[in-house]
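Data first, discussion second: the structure below is written as structure tokens.
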Amino acid sequence: MAASVRNDLKPCAGDQYPVDTSYGTLTGNTAPDLVVNVLTCGDAVGIGTYVYRRAEDGSYGNVFAVEIPAVYGTIDRGDLVVTAQVYGAKDAVAFPSGEDVITYRWATDRFTETDRVHNDFNRAVGTGEGTLPEPTAQN
């Protein structure tokens with residue numbers, strides 16, 4: 001973990017740190033792997049995603065790290081899926097222009113990118129204000 005992330009990691013309230021964890025099979029190890037997402041306190045924006053693999057001596061070692069604003073990693077059917085928000089020059093933090101969804105698979109001794117999808121978010125629909133039409137009965 002980068003020193004800047006480590007130094008900024010402080011409890012949000014009491015002893016509650018802004019960290020999400022998931023356990024699962026990513027590296028083919030007999031022990032579960034650990035995915036850690038470090039978030040900001042105020043708006044829960046991901047600032048780092050890390051994967052730790054258990055060694056034979058019982059300790060955990062870092063085998064993956066990405067430290068960019070608005071990143072979040074999950075386990076999906078044995079793959080590591082990392083989603084990163086993409087911002088244009090005029091984008092507010094709450095309204096990114098899009099996102100990159102990158103899938104990684106463990107190969108031999110490291111993660112290798114196996115898929116990448118970019119989604120652009122539509123700006124033409126306004127702010128989301130207004131009312132929805134009432135549903136109609138179907139016969």
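Here's how to read the names in the structure tokens: chain A, B, ... by the order shown, residue numbers from 1 in each chain, ligand numbers from 1 in the order shown.
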Requested in this report: Could you please write out, as a list in words, every residue of chain A that DSSP assigns to helix (DSSP H, G or I)?
Outcome: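 So the helix (DSSP H, G or I) residues in chain A would be Ala3, Ser4, Val5, Arg6, Asn7 and Asp8 of chain A.
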Query raised in the report: So which residues touch Val93 in chain A within 12 Å, counting only C-alpha atoms, skipping near sequence neighbours fewer than 2 positions away, as a list in words?
Result: Gly42, Asp43, Ala44, Val45, Gly46, Pro69, Ala70, Gln85, Val86, Tyr87, Gly88, Ala89, Lys90, Asp91, Phe95, Pro96, Ser97 and Gly98 of chain A
Keeping only all heavy atoms, write the selected residues to a file as a compact mmCIF listing (two decimals), in the first residue's frame.
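Listing of result34.txt after writing:
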# COMPACT_ATOMS: atom_id res chain seq x y z
N GLY A 42 -15.89 10.64 3.63
CA GLY A 42 -17.00 11.52 3.32
C GLY A 42 -17.98 10.98 2.29
O GLY A 42 -19.19 10.98 2.50
N ASP A 43 -17.45 10.46 1.17
CA ASP A 43 -18.34 10.03 0.09
C ASP A 43 -18.11 8.59 -0.36
O ASP A 43 -18.65 8.17 -1.37
CB ASP A 43 -18.21 10.98 -1.10
CG ASP A 43 -16.76 11.27 -1.46
OD1 ASP A 43 -15.87 10.55 -0.99
OD2 ASP A 43 -16.52 12.21 -2.22
N ALA A 44 -17.33 7.84 0.38
CA ALA A 44 -17.07 6.42 0.11
C ALA A 44 -16.56 6.16 -1.31
O ALA A 44 -16.94 5.20 -1.96
CB ALA A 44 -18.31 5.58 0.40
N VAL A 45 -15.68 7.01 -1.78
CA VAL A 45 -15.04 6.82 -3.08
C VAL A 45 -13.82 5.95 -2.87
O VAL A 45 -12.99 6.22 -2.00
CB VAL A 45 -14.66 8.18 -3.72
CG1 VAL A 45 -13.80 7.98 -4.96
CG2 VAL A 45 -15.89 8.99 -4.04
N GLY A 46 -13.69 4.91 -3.67
CA GLY A 46 -12.54 4.02 -3.56
C GLY A 46 -11.26 4.71 -3.98
O GLY A 46 -11.22 5.38 -5.01
N PRO A 69 -8.18 7.24 -7.97
CA PRO A 69 -9.48 7.66 -7.44
C PRO A 69 -10.63 6.93 -8.11
O PRO A 69 -10.60 6.65 -9.31
CB PRO A 69 -9.52 9.15 -7.78
CG PRO A 69 -8.09 9.55 -7.97
CD PRO A 69 -7.40 8.34 -8.51
N ALA A 70 -11.61 6.62 -7.31
CA ALA A 70 -12.85 5.98 -7.73
C ALA A 70 -12.64 4.59 -8.31
O ALA A 70 -13.08 4.27 -9.41
CB ALA A 70 -13.62 6.88 -8.68
N GLN A 85 -13.99 4.62 -12.13
CA GLN A 85 -14.73 5.71 -12.74
C GLN A 85 -13.77 6.55 -13.59
O GLN A 85 -12.62 6.73 -13.24
CB GLN A 85 -15.37 6.60 -11.66
CG GLN A 85 -16.29 5.84 -10.73
CD GLN A 85 -17.46 5.19 -11.44
OE1 GLN A 85 -18.13 5.80 -12.25
NE2 GLN A 85 -17.69 3.93 -11.14
N VAL A 86 -14.30 7.07 -14.71
CA VAL A 86 -13.53 7.89 -15.62
C VAL A 86 -14.13 9.29 -15.60
O VAL A 86 -15.34 9.45 -15.77
CB VAL A 86 -13.55 7.31 -17.05
CG1 VAL A 86 -12.82 8.22 -18.02
CG2 VAL A 86 -12.96 5.91 -17.07
N TYR A 87 -13.29 10.30 -15.39
CA TYR A 87 -13.75 11.68 -15.26
C TYR A 87 -13.19 12.54 -16.38
O TYR A 87 -12.01 12.46 -16.72
CB TYR A 87 -13.30 12.27 -13.92
CG TYR A 87 -13.98 11.61 -12.75
CD1 TYR A 87 -13.40 10.52 -12.12
CD2 TYR A 87 -15.20 12.07 -12.30
CE1 TYR A 87 -14.03 9.90 -11.04
CE2 TYR A 87 -15.84 11.47 -11.22
CZ TYR A 87 -15.25 10.38 -10.60
OH TYR A 87 -15.88 9.78 -9.55
N GLY A 88 -14.07 13.38 -16.94
CA GLY A 88 -13.64 14.41 -17.88
C GLY A 88 -13.21 15.64 -17.11
O GLY A 88 -13.37 15.73 -15.89
N ALA A 89 -12.68 16.63 -17.83
CA ALA A 89 -12.15 17.84 -17.19
C ALA A 89 -13.19 18.58 -16.36
O ALA A 89 -12.86 19.18 -15.35
CB ALA A 89 -11.57 18.76 -18.26
N LYS A 90 -14.45 18.55 -16.77
CA LYS A 90 -15.49 19.33 -16.07
C LYS A 90 -16.40 18.46 -15.20
O LYS A 90 -17.39 18.95 -14.68
CB LYS A 90 -16.33 20.10 -17.08
CG LYS A 90 -15.54 21.13 -17.86
CD LYS A 90 -16.41 21.87 -18.83
CE LYS A 90 -15.61 22.88 -19.62
NZ LYS A 90 -16.44 23.62 -20.58
N ASP A 91 -16.08 17.19 -15.02
CA ASP A 91 -16.93 16.29 -14.26
C ASP A 91 -16.82 16.52 -12.76
O ASP A 91 -15.71 16.65 -12.23
CB ASP A 91 -16.57 14.82 -14.54
CG ASP A 91 -16.95 14.37 -15.93
OD1 ASP A 91 -17.71 15.08 -16.60
OD2 ASP A 91 -16.48 13.29 -16.33
N PHE A 95 -20.55 12.73 -10.69
CA PHE A 95 -21.02 12.49 -12.04
C PHE A 95 -19.87 12.23 -13.01
O PHE A 95 -19.52 13.09 -13.81
CB PHE A 95 -21.86 13.68 -12.53
CG PHE A 95 -23.06 13.95 -11.68
CD1 PHE A 95 -23.08 15.02 -10.81
CD2 PHE A 95 -24.17 13.11 -11.74
CE1 PHE A 95 -24.18 15.26 -10.01
CE2 PHE A 95 -25.27 13.34 -10.94
CZ PHE A 95 -25.28 14.42 -10.08
N PRO A 96 -19.30 11.02 -12.97
CA PRO A 96 -18.21 10.70 -13.90
C PRO A 96 -18.75 10.58 -15.33
O PRO A 96 -19.94 10.36 -15.55
CB PRO A 96 -17.69 9.36 -13.39
CG PRO A 96 -18.84 8.76 -12.66
CD PRO A 96 -19.61 9.91 -12.08
N SER A 97 -17.86 10.69 -16.29
CA SER A 97 -18.22 10.54 -17.70
C SER A 97 -18.44 9.09 -18.09
O SER A 97 -19.13 8.79 -19.06
CB SER A 97 -17.11 11.12 -18.59
OG SER A 97 -17.00 12.50 -18.41
N GLY A 98 -17.83 8.19 -17.35
CA GLY A 98 -17.95 6.77 -17.68
C GLY A 98 -17.21 5.92 -16.68
O GLY A 98 -16.83 6.38 -15.60
Requested in this report: Using only C-alpha atoms, determine which residues lie at most 10 Å from Gly78 in chain A, disregarding the query and same-chain residues fewer than 5 positions distant; provide the list as number ranges by chain.
Outcome: A: 24-28, 104-106
Write the residues of the preceding selection, restricted to C-alpha atoms, as a PDB file, in the first residue's frame.
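In the end it all went to selection19.pdb:
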ATOM      1  CA  GLY A  24     -12.747 -15.831  -2.022  1.00  0.00           C
ATOM      2  CA  THR A  25     -10.805 -17.939  -4.452  1.00  0.00           C
ATOM      3  CA  LEU A  26      -8.767 -15.884  -6.907  1.00  0.00           C
ATOM      4  CA  THR A  27      -5.289 -17.402  -6.996  1.00  0.00           C
ATOM      5  CA  GLY A  28      -6.056 -21.128  -6.797  1.00  0.00           C
ATOM      6  CA  TYR A 104      -8.115 -10.046 -14.252  1.00  0.00           C
ATOM      7  CA  ARG A 105      -7.357 -13.757 -13.910  1.00  0.00           C
ATOM      8  CA  TRP A 106      -4.570 -15.356 -11.922  1.00  0.00           C
TER       9      TRP A 106
END
Report task. Work out how far apart CA of Thr40 in chain A and CA of Tyr17 in chain A are and give it in Å to one decimal. Result ->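 Pair CA of Thr40 in chain A / CA of Tyr17 in chain A returns 9.4 Å.
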Query - Every residue of chain A that DSSP places in strand (DSSP E), as a ChimeraX atom specification - result: /A:19-24,33-39,46-54,60-66,71-76,79-86,98-107,110-120
